[in-house]
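Before any comments, here is the structure.
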Amino acid sequence: MKFLLGALVLVGFAAAAPLFVHLEYFYFAGFVVLQFIVLATAWNILGGFAGYVNFGTGAFFAVGAYSAVALYKAVQLPLGLQILAGAAAAGLLGFLVGLLTLRLRGIFFSIATIAITIILETVVMNWHYVGGAKGLPILRPTEMPLYFTNYTQWLFLVMTIIAVLAVAMARYIQVGWIGRGLRAIRDNEGAAECSGVPTLKLKLAAASISGALMGAAGAPFAQYLSFIEPSSAFSLNYAVNALAMPIIGGTAHWIGPVLGAILLGTVQQVVTVTISSEMNVLVVGVMLVVFVVGAPEGILGLWKRYVLKKGTP
Amino acid sequence: MPHVAHPAFLVLGAYATYALVGLGMDPLLAGLLLMPVFFAFGIAVYQFYYLTFERRGTDLGVRGIAFFFGIAFIVQVGLILVFGVDQRMVEASYIGTSIEVFGDVRIPQRMIVAFGVALALTITLALYLSRTFTGRAIKAVAQDEGALRLMGADPVRIKRWAFGIATGTCALAGALLIIVGPVDPNLDRLYIGRTFCVVVLAGMGSMSGTLVAGLILGVAESLVLASVGTAWAPAVAFGILLAVLGVRPAGLFGR
Amino acid sequence: MSQPVDALLKIDNLSKHFGGFTALDQVSVNVGRGERFGLIGPNGSGKTTLINCISGALQNDQGSILFDGAEVSRMPAYKRTRLGIARSFQIPRPFGSMSVLENLIVPLEYVAHSGSLHLADTRGEAMEILKGMGLADKAETLASSLSQVELRKMELARAMAARPRLLISDEAMAGLSSNEVSEVLEILFKLNASGITIIMIEHIMQAVMKFSQRLLCLDAGRIICEGSPEAVVGNPDVQRAYLGA
C-alpha cells in the first residue's frame with residue numbers, strides 16, 4: 001500500500017513537473033538517473049537474486065534502442081509501442097542467451113553476455129538501415145503528446161513510469177515465491193533443484209524479465225538524444241554501472257539498486273560536468289572494487305550494521 | 001577462479017612495454033624484464049583476493065566476478081587517462097622489415113619474432129605444467145583441492161603461484177602484442193573473447209588443446225578478415241565461443 | 001534373494017559412465033514401500049552416483065528407474081522431487097542467505113503447495129516440521145551459522161518439507177558425535193514409522209546395521225551383495241571390498 005502510494009506520488013510529480021520546474025538540465029539529468037534505476041533494477045533480478053552476472057547490459061539496452069529506432073523509421077511507431085517492442089526484443093535475447101548458457105556454470109553466462117555485446121555491436125555497425133557505424137539522426141515527432149510543450153519533459157515522465165514499473169516488478173519478485181526460488185538457486189543450485197525448484201525455467205524467466213526491462217530502458221534512448229550510434233548505445237558504461245549500482249546499493253533488497261543508481265548516477269552527473277567523463281568511469285570502477293571488498297552487503301548492509309545495529313557479523 | 005581481468009593485464013603488459021621502450025629499451029627485453037614484476041603483481045592481486053573473498057568463503061560467485069571486472073575496468077580507464085585512447089606502437093630493428101620466403105610471399109620479421117617467442121613461451125609453460133611437481137599441482141588444484149591437500153601441498157599457495165605465473169606471462173605476451181601491431185586501451189574487451197574462446201574451445205585445462213584451439217581461432221579470424229572484411233572481425237572469436245558453449249561446452253578436446 | 005513384493009522404487013540394469021570410467025555397471029535393485037534400506041560400499045564404489053541418478057542430479061546412460069510405477073530416469077530433478085523423491089546431501093547444502101524457516105518454505109512453496117500457494121500457511125507448516133526435528137528454536141537463525149548437527153537436521157527437515165514418499169539420506173551422520181548419531185537415527189526411525197521409505201547411505205556401520213532391514217553393498221559400480229544386514233556383513237566379498245585384501 002505504502003509502495004503504491006509512493007509510486008503514484010512519484011509519477012504524479014513527474015507528470016506535473018513541467019508546471020514548476022523549467023530548468024532543462026533537470027530533465028536531462030533526471031532522465032539519465034531514472035534510466036540507470038531501470039538498468040540496475042533489471043540487472044539485480046538476475047545478478048542479485050539468482051547470482052548470474054550479466055556483463056552485457058549494453059547489448060540488451062542497445063537491442064531495445066535499435067528495435068525502437070528501426071520500427072520508428074519504418075512505420076513511425078508511437079513511443080509506447082516502441083518501448084514494448086524494445087522490451088520484447090531484449091527479453092527474447094535474454095531468453096536465448098539463457099537457453100544457450102544457463103545450464104552451465106555462472107561464469108559461462110557472464111562471458112556469453114560479453115560475447116553477445118560484441119557480436120551485436122558488430123552487426124549494428126554493418127547495418128546501414130539504422131545508420132551503421134556513423135549513426136543515425138532521429139527527428140522527434142512534431143506533435144506533442146497531451147499537454148506537454150517539450151518532448152524531453154515527456155520522455156522524463158515516460159522514463160519515470162518505466163522505472164516505477166521496473167521497481168514494482170523487482171519488488172513483486174523479491175517478496176514472493178519466485179524470489180525465494182531465485183535466492184535458493186544463488187545459494188545452492190543443486191539443493192534448490194532437489195527442493196522442487198525448476199531452476200532452469202526460473203533462470204530463463206529471470207533472464208527474460210531482466211533483459212526486457214533493460215530493453216525498455218533503451219527504447220526511448222534515441223528519442224532522448226535525437227541521435228543514435230552503436231558505440232554509445234552499446235557502451236561499456238551501461239554494463240559497468242548496471243553491475244556496480246546494485247552491488248554498491250545492496251543486492252538483497254529491491255531498494256538497493258535504486259539507492260545505488262541514485263547515488264552513482266548523481267555523482268557521475270556532477271563529475272562529468274565538473275571534471276571529465278573518463279574520470280567518472282574511473283570513479284565507478286574504484287567504488288565497485290571498494291564496496292565489493294569493504295562492504296559486501298552494500299549500502300543496505302552498512303545501514304543494517306551501523307544504524308539498526310544488527311545483521312550479519 | 002573467475003579471472004576476467006586477465007586480458008586487461010595483457011594490455012597492461014603491452015603498455016608497460018611501451019613505456020620502457022620509450023626509455024630506449026628493446027621491446028622483447030622489456031617484456032622479459034617485466035615478467036618478474038608482473039609475477040609479483042599477480043601474487044599480490046591473488047593474495048588480496050584470497051584474503052578478502054576466498055578465506056571468508058562469502059558469496060564468491062557474484063562478488064568475485066565483480067571484483068575482477070572492476071579491476072579490469074580500472075586498468076582500462078587508468079590506461080586511457082595516462083596514455084589516451086590513441087593507438088600506440090613500438091620501434092625495434094626487426095619491426096618494419098620483412099623476410100622473403102618463396103618468391104612473392106613475404107613475412108614481416110616482427111611476426112616471426114613474435115611467433116618464435118610465443119611458441120617458446122607456450123612450450124615452456126606446457127613442460128612446466130606437466131613435468132614439475134608444482135606444475136602438476138597447479139593442474140590438480142583445478143580438479144580436486146582436497147586430494148591436493150592430502151598430497152601435502154597447500155592449494156592456496158599453489159593457486160597464488162599459478163596466478164603469479166599467469167600474470168607474469170602477460171608481461172611478455174603484452175610485449176609481443178605491441179610488437180605485432182598497435183594497441184589501444186579498449187583492446188582488452190576483444191581479448192576477453194579471444195582468451196575465453198581459446199580456453200573453452202580447447203576444454204578447460206588442456207594445454208595441447210589450447211595450442212590447436214588458438215590456431216583454429218587465428219585461422220578463422222584471418223579467413224573472415226580476408227573474405228568479409230575487417231568490419232566483421234571482432235565478432236569471430238565471440239561467435240565461435242557462443243557456438244562452442246551451445247554445442248559442446250566441454251570443449252573440442254574435453255571429455 | 002528376497003525382493004519386496006510391493007516395490008516403490010524399481011531400478012533395472014542401471015549404468016552410468018564418466019568418459020571411460022564406469023561408475024555404475026548394470027545395477028538392479030528394488031526398494032519396497034515403507035522399507036528401511038541401507039546402501040554401503042567403500043569410497044568411490046558408486047553409492048553417491050547411484051542416488052544422484054535416482055534423485056536426478058545425474059542422468060543414467062542405460063537402464064530404467066521406476067518410481068511408483070512411473071519412469072523417472074529422464075525427468076529433471078525438480079519433477080522427481082514433486083513426485084515424492086527427496087534427499088539430503090553428503091556435504092550439507094543449506095540456502096545460506098535464508099533463515100532455517102525459509103529453507104523449509106522453499107520446498108513447501110515449490111512442491112507441497114505449488115498449485116494453490118495463496119491458501120497455504122507455509123510458515124506454520126514449516127514450524128511444525130522444525131518442532132518435530134527439535135529445531136524450533138533455530139527457526140529464525142541464518143542457515144549458514146548453524147552447527148554441523150543442526151545442519152544435518154535442517155537438511156532432513158527440508159527434505160521432509162517436500163512431503164516425500166522416498167527419503168534418501170546421504171551420510172547424514174558423518175562427522176557427528178555418537179550422541180548426535182543416535183539423535184539423527186531416532187529422527188529417521190520416526191519418519192519411517194510415519195510411512196516414509198528411507199534409503200540410508202552410511203559409513204558408520206553401527207548406525208546402518210541398526211537401522212536397515214535390508215542392505216546392499218556396492219563395489220566398483222557393481223552390486224556385490226544384497227540381503228539382511230547380518231548376511232551382507234558376513235559375506236566374504238564384502239569383507240574383501242572393505243579391507244581391500
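Naming scheme: A, B, ... for chains in displayed order of the C-alpha cells; residues 1 onward per chain; ligands 1 onward as shown.
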Write down, as a PyMOL selection string, each residue of chain C that has any atom within 10 Å of an atom of chain B, counting only C-alpha atoms. chain C and resi 18-20+96-97
Go ahead and save the picked residues with N, CA and C atoms, as a short mmCIF file (atom, residue, chain, number, x, y, z; two decimals), in the first residue's frame.
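The resulting file, out.cif, is shown below:
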```
data_model
loop_
_atom_site.label_atom_id
_atom_site.label_comp_id
_atom_site.auth_asym_id
_atom_site.auth_seq_id
_atom_site.Cartn_x
_atom_site.Cartn_y
_atom_site.Cartn_z
N PHE C 18 31.47 -42.12 -16.82
CA PHE C 18 32.08 -40.78 -16.93
C PHE C 18 33.27 -40.95 -17.86
N GLY C 19 33.13 -40.51 -19.10
CA GLY C 19 34.21 -40.75 -20.06
C GLY C 19 34.42 -42.25 -20.16
N GLY C 20 35.63 -42.72 -19.91
CA GLY C 20 35.90 -44.14 -20.00
C GLY C 20 35.67 -44.88 -18.69
N GLY C 96 22.22 -20.60 2.38
CA GLY C 96 22.91 -19.90 3.46
C GLY C 96 22.39 -18.50 3.75
N SER C 97 21.78 -17.85 2.76
CA SER C 97 21.35 -16.48 2.99
C SER C 97 19.95 -16.42 3.60
#
```
Select from chain A every residue with an atom at most 9 Å from any atom of chain C, then for each give the shortest pair of atoms and their distance in Å to one decimal, using only C-alpha atoms, rows by chain and rising number, as a Markdown table.
```
| residue | atom | partner | partner_atom | distance |
| --- | --- | --- | --- | --- |
| A:Trp177 | CA | C:Glu109 | CA | 6.7 |
| A:Arg180 | CA | C:Val106 | CA | 6.6 |
| A:Gly181 | CA | C:Val106 | CA | 6.6 |
| A:Arg183 | CA | C:Phe95 | CA | 7.8 |
| A:Ala184 | CA | C:Phe95 | CA | 5.7 |
| A:Ile185 | CA | C:Phe95 | CA | 8.4 |
| A:Arg186 | CA | C:Phe95 | CA | 8.3 |
| A:Asp187 | CA | C:Phe95 | CA | 5.0 |
| A:Asn188 | CA | C:Phe95 | CA | 6.1 |
| A:Gly190 | CA | C:Ala57 | CA | 7.2 |
| A:Ala191 | CA | C:Arg93 | CA | 6.2 |
| A:Ala192 | CA | C:Val106 | CA | 8.0 |
| A:Glu193 | CA | C:Tyr78 | CA | 4.9 |
| A:Cys194 | CA | C:Tyr78 | CA | 5.5 |
| A:Ser195 | CA | C:Pro107 | CA | 4.7 |
| A:Gly196 | CA | C:Tyr78 | CA | 4.1 |
| A:Val197 | CA | C:Tyr78 | CA | 5.7 |
| A:Pro198 | CA | C:Tyr78 | CA | 5.6 |
| A:Thr199 | CA | C:Tyr78 | CA | 8.0 |
```
Output as a Markdown table one row per residue of chain A within 9 Å of chain B: the closest atom pair and its distance in Å to one decimal place, counting only C-alpha atoms, sorted by chain and residue number ascending.
```
| residue | atom | partner | partner_atom | distance |
| --- | --- | --- | --- | --- |
| A:Gly47 | CA | B:Val62 | CA | 7.2 |
| A:Gly48 | CA | B:Val62 | CA | 7.9 |
| A:Gly51 | CA | B:Val62 | CA | 5.8 |
| A:Tyr52 | CA | B:Val62 | CA | 7.0 |
| A:Val53 | CA | B:Val62 | CA | 6.2 |
| A:Phe55 | CA | B:Phe69 | CA | 8.9 |
| A:Val97 | CA | B:Leu242 | CA | 9.0 |
| A:Leu99 | CA | B:Gly246 | CA | 8.5 |
| A:Leu100 | CA | B:Gly246 | CA | 5.1 |
| A:Thr101 | CA | B:Leu245 | CA | 6.7 |
| A:Leu104 | CA | B:Pro249 | CA | 7.8 |
| A:Gly106 | CA | B:Gly61 | CA | 7.6 |
| A:Ile107 | CA | B:Pro2 | CA | 6.6 |
| A:Phe108 | CA | B:Leu245 | CA | 7.8 |
| A:Ser110 | CA | B:Ile65 | CA | 8.8 |
| A:Ile111 | CA | B:Phe196 | CA | 7.7 |
| A:Ala112 | CA | B:Leu242 | CA | 6.4 |
| A:Ile114 | CA | B:Gly193 | CA | 7.7 |
| A:Ala115 | CA | B:Phe238 | CA | 4.8 |
| A:Ile116 | CA | B:Phe238 | CA | 7.3 |
| A:Ile118 | CA | B:Ala235 | CA | 6.1 |
| A:Ile119 | CA | B:Ala235 | CA | 4.7 |
| A:Leu120 | CA | B:Ala235 | CA | 8.2 |
| A:Glu121 | CA | B:Ala235 | CA | 8.6 |
| A:Thr122 | CA | B:Trp232 | CA | 6.1 |
| A:Val123 | CA | B:Trp232 | CA | 7.7 |
| A:Met125 | CA | B:Ala231 | CA | 7.8 |
| A:Asn126 | CA | B:Ala231 | CA | 7.2 |
| A:Arg186 | CA | B:Gly61 | CA | 8.5 |
| A:Asp187 | CA | B:Asp59 | CA | 8.0 |
| A:Val240 | CA | B:Gly70 | CA | 8.0 |
| A:Leu243 | CA | B:Ala66 | CA | 7.6 |
| A:Ala244 | CA | B:Ala66 | CA | 8.0 |
| A:Ile247 | CA | B:Arg63 | CA | 8.2 |
| A:Glu278 | CA | B:Val77 | CA | 6.7 |
| A:Met279 | CA | B:Leu81 | CA | 7.9 |
| A:Val281 | CA | B:Val77 | CA | 7.2 |
| A:Leu282 | CA | B:Val77 | CA | 6.0 |
| A:Val283 | CA | B:Ile74 | CA | 8.8 |
| A:Val284 | CA | B:Gly70 | CA | 8.5 |
| A:Gly285 | CA | B:Gly70 | CA | 5.1 |
| A:Val286 | CA | B:Ile74 | CA | 6.7 |
| A:Met287 | CA | B:Gly70 | CA | 8.7 |
| A:Leu288 | CA | B:Gly70 | CA | 6.1 |
| A:Val289 | CA | B:Phe67 | CA | 5.6 |
| A:Val290 | CA | B:Phe67 | CA | 8.9 |
| A:Val292 | CA | B:Arg63 | CA | 6.1 |
| A:Val293 | CA | B:Thr52 | CA | 6.2 |
| A:Gly294 | CA | B:Thr52 | CA | 8.4 |
| A:Pro296 | CA | B:Arg63 | CA | 7.6 |
```
Output for the residues just chosen: N, CA and C atoms as a CSV table (one decimal), in the first residue's frame:
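Resulting contents of out.csv:
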```
chain,number,residue,atom,x,y,z
A,47,GLY,N,21.2,-10.9,-11.5
A,47,GLY,CA,22.5,-10.9,-10.8
A,47,GLY,C,22.4,-11.0,-9.3
A,48,GLY,N,21.5,-10.1,-8.7
A,48,GLY,CA,21.4,-10.1,-7.3
A,48,GLY,C,20.6,-11.2,-6.7
A,51,GLY,N,22.2,-14.7,-8.8
A,51,GLY,CA,23.6,-14.9,-8.8
A,51,GLY,C,24.2,-15.1,-10.1
A,52,TYR,N,23.5,-14.7,-11.2
A,52,TYR,CA,24.2,-14.9,-12.5
A,52,TYR,C,24.5,-13.5,-13.0
A,53,VAL,N,25.8,-13.2,-13.3
A,53,VAL,CA,26.3,-11.9,-13.5
A,53,VAL,C,26.2,-11.6,-15.0
A,55,PHE,N,27.3,-9.2,-17.9
A,55,PHE,CA,28.2,-8.2,-18.3
A,55,PHE,C,27.7,-7.4,-19.6
A,97,VAL,N,20.1,-16.2,-24.9
A,97,VAL,CA,21.4,-16.3,-24.2
A,97,VAL,C,21.3,-17.3,-23.0
A,99,LEU,N,19.1,-19.7,-22.6
A,99,LEU,CA,19.0,-21.1,-23.1
A,99,LEU,C,20.3,-21.7,-23.5
A,100,LEU,N,21.2,-20.8,-24.1
A,100,LEU,CA,22.5,-21.3,-24.5
A,100,LEU,C,23.4,-21.6,-23.3
A,101,THR,N,23.4,-20.8,-22.3
A,101,THR,CA,24.4,-20.9,-21.3
A,101,THR,C,24.0,-21.1,-19.9
A,104,LEU,N,25.1,-24.1,-17.8
A,104,LEU,CA,26.5,-24.2,-17.5
A,104,LEU,C,26.8,-23.4,-16.2
A,106,GLY,N,28.1,-20.4,-13.8
A,106,GLY,CA,27.7,-19.0,-13.9
A,106,GLY,C,28.7,-18.2,-14.8
A,107,ILE,N,30.0,-18.5,-14.7
A,107,ILE,CA,31.0,-17.7,-15.4
A,107,ILE,C,30.7,-17.8,-16.9
A,108,PHE,N,30.2,-18.9,-17.4
A,108,PHE,CA,30.0,-19.0,-18.9
A,108,PHE,C,28.9,-18.1,-19.3
A,110,SER,N,28.2,-15.2,-17.9
A,110,SER,CA,28.8,-13.9,-17.9
A,110,SER,C,29.6,-13.6,-19.2
A,111,ILE,N,30.5,-14.6,-19.6
A,111,ILE,CA,31.3,-14.5,-20.8
A,111,ILE,C,30.4,-14.4,-22.0
A,112,ALA,N,29.3,-15.2,-22.0
A,112,ALA,CA,28.4,-15.2,-23.2
A,112,ALA,C,27.8,-13.8,-23.4
A,114,ILE,N,29.2,-10.9,-22.6
A,114,ILE,CA,30.2,-10.1,-23.3
A,114,ILE,C,30.2,-10.4,-24.8
A,115,ALA,N,30.2,-11.7,-25.1
A,115,ALA,CA,30.2,-12.1,-26.5
A,115,ALA,C,29.1,-11.5,-27.3
A,116,ILE,N,27.9,-11.6,-26.7
A,116,ILE,CA,26.7,-11.1,-27.4
A,116,ILE,C,26.8,-9.6,-27.6
A,118,ILE,N,29.6,-7.8,-28.2
A,118,ILE,CA,30.5,-7.5,-29.3
A,118,ILE,C,29.9,-8.0,-30.6
A,119,ILE,N,29.2,-9.1,-30.6
A,119,ILE,CA,28.6,-9.6,-31.8
A,119,ILE,C,27.5,-8.7,-32.3
A,120,LEU,N,26.6,-8.3,-31.4
A,120,LEU,CA,25.5,-7.4,-31.9
A,120,LEU,C,26.0,-6.0,-32.3
A,121,GLU,N,27.1,-5.6,-31.5
A,121,GLU,CA,27.6,-4.3,-31.9
A,121,GLU,C,28.2,-4.3,-33.3
A,122,THR,N,28.9,-5.4,-33.6
A,122,THR,CA,29.4,-5.6,-35.0
A,122,THR,C,28.3,-5.6,-36.0
A,123,VAL,N,27.2,-6.4,-35.7
A,123,VAL,CA,26.1,-6.5,-36.6
A,123,VAL,C,25.5,-5.1,-36.9
A,125,MET,N,26.9,-2.2,-36.5
A,125,MET,CA,27.9,-1.3,-37.2
A,125,MET,C,27.8,-1.5,-38.7
A,126,ASN,N,27.4,-2.8,-39.1
A,126,ASN,CA,27.3,-3.1,-40.5
A,126,ASN,C,25.8,-3.0,-41.0
A,186,ARG,N,20.8,-19.2,-6.1
A,186,ARG,CA,22.0,-18.5,-5.9
A,186,ARG,C,22.8,-19.2,-4.7
A,187,ASP,N,22.1,-19.5,-3.7
A,187,ASP,CA,22.7,-20.2,-2.5
A,187,ASP,C,23.3,-21.5,-2.9
A,240,VAL,N,29.0,-1.7,-16.8
A,240,VAL,CA,29.6,-1.4,-15.5
A,240,VAL,C,28.7,-0.8,-14.5
A,243,LEU,N,26.0,-3.1,-13.1
A,243,LEU,CA,26.6,-4.1,-12.2
A,243,LEU,C,27.0,-3.4,-10.9
A,244,ALA,N,27.6,-2.2,-11.0
A,244,ALA,CA,28.1,-1.6,-9.9
A,244,ALA,C,27.0,-1.0,-9.0
A,247,ILE,N,25.4,-3.6,-6.6
A,247,ILE,CA,26.4,-4.1,-5.7
A,247,ILE,C,26.7,-3.0,-4.6
A,278,GLU,N,36.1,10.4,-18.5
A,278,GLU,CA,37.0,9.3,-18.1
A,278,GLU,C,37.1,9.2,-16.6
A,279,MET,N,37.2,10.3,-16.0
A,279,MET,CA,37.3,10.3,-14.5
A,279,MET,C,36.1,9.7,-13.9
A,281,VAL,N,34.1,7.4,-15.1
A,281,VAL,CA,34.0,5.9,-15.2
A,281,VAL,C,35.0,5.3,-14.2
A,282,LEU,N,36.1,6.0,-14.0
A,282,LEU,CA,37.1,5.5,-13.1
A,282,LEU,C,36.5,5.5,-11.7
A,283,VAL,N,35.8,6.6,-11.4
A,283,VAL,CA,35.1,6.6,-10.1
A,283,VAL,C,34.2,5.4,-9.8
A,284,VAL,N,33.5,5.0,-10.9
A,284,VAL,CA,32.6,3.9,-10.8
A,284,VAL,C,33.4,2.6,-10.5
A,285,GLY,N,34.5,2.4,-11.3
A,285,GLY,CA,35.3,1.2,-11.1
A,285,GLY,C,35.9,1.1,-9.7
A,286,VAL,N,36.4,2.2,-9.2
A,286,VAL,CA,37.0,2.2,-7.9
A,286,VAL,C,36.0,2.0,-6.8
A,287,MET,N,34.8,2.6,-7.0
A,287,MET,CA,33.8,2.4,-6.0
A,287,MET,C,33.3,1.0,-5.9
A,288,LEU,N,33.2,0.4,-7.1
A,288,LEU,CA,32.8,-1.0,-7.2
A,288,LEU,C,33.8,-1.9,-6.4
A,289,VAL,N,35.1,-1.7,-6.7
A,289,VAL,CA,36.0,-2.6,-6.0
A,289,VAL,C,36.0,-2.3,-4.5
A,290,VAL,N,36.0,-1.1,-4.1
A,290,VAL,CA,36.0,-0.7,-2.7
A,290,VAL,C,34.8,-1.4,-2.0
A,292,VAL,N,32.9,-4.0,-3.1
A,292,VAL,CA,32.9,-5.4,-3.1
A,292,VAL,C,33.9,-6.0,-2.0
A,293,VAL,N,35.0,-5.2,-1.8
A,293,VAL,CA,35.9,-5.7,-0.8
A,293,VAL,C,35.5,-5.3,0.6
A,294,GLY,N,35.1,-4.0,0.8
A,294,GLY,CA,34.9,-3.5,2.1
A,294,GLY,C,33.5,-3.6,2.7
A,296,PRO,N,30.5,-5.9,1.5
A,296,PRO,CA,29.9,-6.8,0.6
A,296,PRO,C,28.4,-6.8,0.5
```
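From atom CA of Asp188 of chain B back to atom CA of Val117 of chain B, the distance works out to 21.1 Å.
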Long-range neighbours of Gly218 of chain B as a ChimeraX atom specification, 10 Å cut-off, only C-alpha atoms, 3 positions minimum in chain: /B:194,198,212-215,221-223,236-237
Write out as a ChimeraX atom specification each polymer residue whose atoms come within 8 Å of Pro230 of chain A, counting only C-alpha atoms; drop sequence neighbours fewer than 5 positions from it. /A:62,121,124-125,132-133,135,235
May I have the selected residues written with all heavy atoms, as a compact mmCIF listing (two decimals), in the first residue's frame?
```txt
# COMPACT_ATOMS: atom_id res chain seq x y z
N ALA A 62 20.93 -1.69 -26.00
CA ALA A 62 21.02 -1.30 -27.41
C ALA A 62 19.99 -2.03 -28.27
O ALA A 62 19.46 -1.46 -29.22
CB ALA A 62 22.43 -1.56 -27.93
N GLU A 121 27.06 -5.57 -31.55
CA GLU A 121 27.61 -4.26 -31.91
C GLU A 121 28.18 -4.33 -33.33
O GLU A 121 27.98 -3.41 -34.14
CB GLU A 121 28.69 -3.83 -30.91
CG GLU A 121 29.17 -2.40 -31.15
CD GLU A 121 30.11 -1.90 -30.09
OE1 GLU A 121 30.32 -2.61 -29.08
OE2 GLU A 121 30.64 -0.78 -30.25
N VAL A 124 25.30 -4.31 -35.81
CA VAL A 124 24.69 -2.99 -35.97
C VAL A 124 25.61 -2.04 -36.74
O VAL A 124 25.16 -1.25 -37.56
CB VAL A 124 24.30 -2.42 -34.59
CG1 VAL A 124 23.90 -0.95 -34.72
CG2 VAL A 124 23.16 -3.22 -33.99
N MET A 125 26.93 -2.16 -36.47
CA MET A 125 27.90 -1.34 -37.20
C MET A 125 27.75 -1.54 -38.71
O MET A 125 28.04 -0.65 -39.50
CB MET A 125 29.33 -1.76 -36.81
CG MET A 125 29.68 -1.36 -35.41
SD MET A 125 30.75 0.07 -35.43
CE MET A 125 31.32 0.09 -33.75
N GLY A 132 24.41 2.33 -39.43
CA GLY A 132 25.71 1.69 -39.33
C GLY A 132 26.58 2.32 -38.26
O GLY A 132 26.08 2.79 -37.24
N ALA A 133 27.89 2.34 -38.51
CA ALA A 133 28.82 2.86 -37.52
C ALA A 133 28.71 4.37 -37.37
O ALA A 133 29.03 4.93 -36.32
CB ALA A 133 30.25 2.46 -37.91
N GLY A 135 26.04 6.23 -37.33
CA GLY A 135 24.91 6.66 -36.52
C GLY A 135 23.80 7.24 -37.37
O GLY A 135 23.93 7.38 -38.58
N SER A 235 27.59 1.06 -25.13
CA SER A 235 28.68 1.49 -24.27
C SER A 235 28.91 0.56 -23.07
O SER A 235 27.98 0.09 -22.43
CB SER A 235 28.41 2.89 -23.77
OG SER A 235 29.31 3.22 -22.75
```
Return as a PyMOL selection string the full set of residues in segment 148-202 of chain C whose backbone-based DSSP assignment is helix (DSSP H, G or I). chain C and resi 148-161+178-193
Spatial neighbours of segment 159-162 of chain B, 7 Å, only C-alpha atoms, chain gap at least 2 places, as a count of residues only: 10
Ala241 of chain C environment, 10 Å, only C-alpha atoms, sequence neighbours closer than 5 positions dropped, as JSON, numbers by chain: {"C": [41, 42, 45, 217, 218, 219, 220, 224, 236]}
Give me a file of those residues, with N, CA and C atoms, as a short mmCIF file (atom, residue, chain, number, x, y, z; two decimals), in the first residue's frame.
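Output file result.cif follows:
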```cif
data_model
loop_
_atom_site.label_atom_id
_atom_site.label_comp_id
_atom_site.auth_asym_id
_atom_site.auth_seq_id
_atom_site.Cartn_x
_atom_site.Cartn_y
_atom_site.Cartn_z
N GLY C 41 29.31 -49.49 0.97
CA GLY C 41 30.35 -49.76 -0.01
C GLY C 41 31.52 -48.82 0.25
N PRO C 42 32.72 -49.23 -0.16
CA PRO C 42 33.89 -48.36 0.07
C PRO C 42 33.79 -47.05 -0.69
N SER C 45 32.73 -46.35 -4.64
CA SER C 45 32.12 -47.59 -5.13
C SER C 45 30.88 -47.30 -5.97
N CYS C 217 25.45 -53.85 -0.84
CA CYS C 217 26.85 -53.40 -0.85
C CYS C 217 27.33 -53.26 -2.29
N LEU C 218 27.82 -52.07 -2.61
CA LEU C 218 28.38 -51.80 -3.93
C LEU C 218 29.89 -51.81 -3.87
N ASP C 219 30.52 -52.27 -4.95
CA ASP C 219 31.96 -52.09 -5.07
C ASP C 219 32.29 -51.90 -6.54
N ALA C 220 33.03 -50.86 -6.85
CA ALA C 220 33.42 -50.55 -8.22
C ALA C 220 32.22 -50.53 -9.17
N ILE C 224 27.77 -56.26 -5.05
CA ILE C 224 28.46 -57.49 -4.71
C ILE C 224 27.66 -58.33 -3.72
N PRO C 236 32.00 -62.81 2.51
CA PRO C 236 33.45 -62.66 2.29
C PRO C 236 33.80 -61.61 1.24
#
```
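Of note, atom CA of Val37 of chain B and atom CA of Phe83 of chain B are spaced 20.3 Å apart.
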Can you tell me, as a ChimeraX atom specification, what residues are no more than 10 Å from Thr251 of chain A when counting only C-alpha atoms, ignoring any on the same chain fewer than 6 positions away? /A:40-41,43-45,47-49,51,243,245,257,260,296-301
Since we have the selection now, will you write its residues out, keeping N, CA and C atoms, as a short mmCIF file (atom, residue, chain, number, x, y, z; two decimals), in the first residue's frame?
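Result file is out.cif:
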```
data_model
loop_
_atom_site.label_atom_id
_atom_site.label_comp_id
_atom_site.auth_asym_id
_atom_site.auth_seq_id
_atom_site.Cartn_x
_atom_site.Cartn_y
_atom_site.Cartn_z
N ALA A 40 19.78 -0.90 -13.36
CA ALA A 40 20.31 -1.53 -12.15
C ALA A 40 19.28 -2.50 -11.56
N THR A 41 18.02 -2.09 -11.55
CA THR A 41 16.96 -2.96 -11.03
C THR A 41 16.85 -4.22 -11.89
N TRP A 43 19.18 -5.56 -13.79
CA TRP A 43 20.37 -6.40 -13.58
C TRP A 43 20.23 -7.22 -12.31
N ASN A 44 19.70 -6.58 -11.28
CA ASN A 44 19.64 -7.22 -9.97
C ASN A 44 18.69 -8.41 -9.95
N ILE A 45 17.69 -8.42 -10.81
CA ILE A 45 16.74 -9.54 -10.82
C ILE A 45 17.47 -10.84 -11.14
N GLY A 47 21.19 -10.92 -11.47
CA GLY A 47 22.50 -10.91 -10.82
C GLY A 47 22.40 -10.97 -9.31
N GLY A 48 21.53 -10.13 -8.74
CA GLY A 48 21.44 -10.06 -7.29
C GLY A 48 20.64 -11.22 -6.71
N PHE A 49 19.48 -11.47 -7.29
CA PHE A 49 18.62 -12.51 -6.72
C PHE A 49 19.14 -13.91 -7.04
N GLY A 51 22.15 -14.68 -8.77
CA GLY A 51 23.59 -14.87 -8.76
C GLY A 51 24.23 -15.10 -10.12
N LEU A 243 26.02 -3.15 -13.11
CA LEU A 243 26.56 -4.12 -12.17
C LEU A 243 26.99 -3.43 -10.87
N MET A 245 25.97 -0.50 -9.56
CA MET A 245 24.93 0.15 -8.76
C MET A 245 24.25 -0.80 -7.78
N PRO A 257 19.43 -1.47 -5.58
CA PRO A 257 19.79 -0.92 -6.90
C PRO A 257 19.31 0.52 -7.07
N GLY A 260 21.73 2.68 -5.17
CA GLY A 260 22.99 2.71 -5.91
C GLY A 260 22.89 3.58 -7.16
N PRO A 296 30.52 -5.87 1.52
CA PRO A 296 29.92 -6.84 0.60
C PRO A 296 28.39 -6.76 0.54
N GLU A 297 27.77 -6.23 1.56
CA GLU A 297 26.30 -6.15 1.52
C GLU A 297 25.83 -4.79 1.00
N GLY A 298 26.77 -3.97 0.57
CA GLY A 298 26.40 -2.67 0.01
C GLY A 298 25.94 -1.68 1.07
N ILE A 299 25.35 -0.60 0.57
CA ILE A 299 24.88 0.44 1.49
C ILE A 299 23.84 -0.14 2.45
N LEU A 300 23.00 -1.03 1.95
CA LEU A 300 21.98 -1.64 2.81
C LEU A 300 22.61 -2.37 3.99
N GLY A 301 23.71 -3.09 3.69
CA GLY A 301 24.42 -3.82 4.74
C GLY A 301 24.99 -2.87 5.78
#
```
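When only C-alpha atoms are used to compute distances to Ser73 of chain C, the closest of the residues C:Leu191, C:Leu9, C:Met127, C:Leu135 turns out to be C:Leu9.
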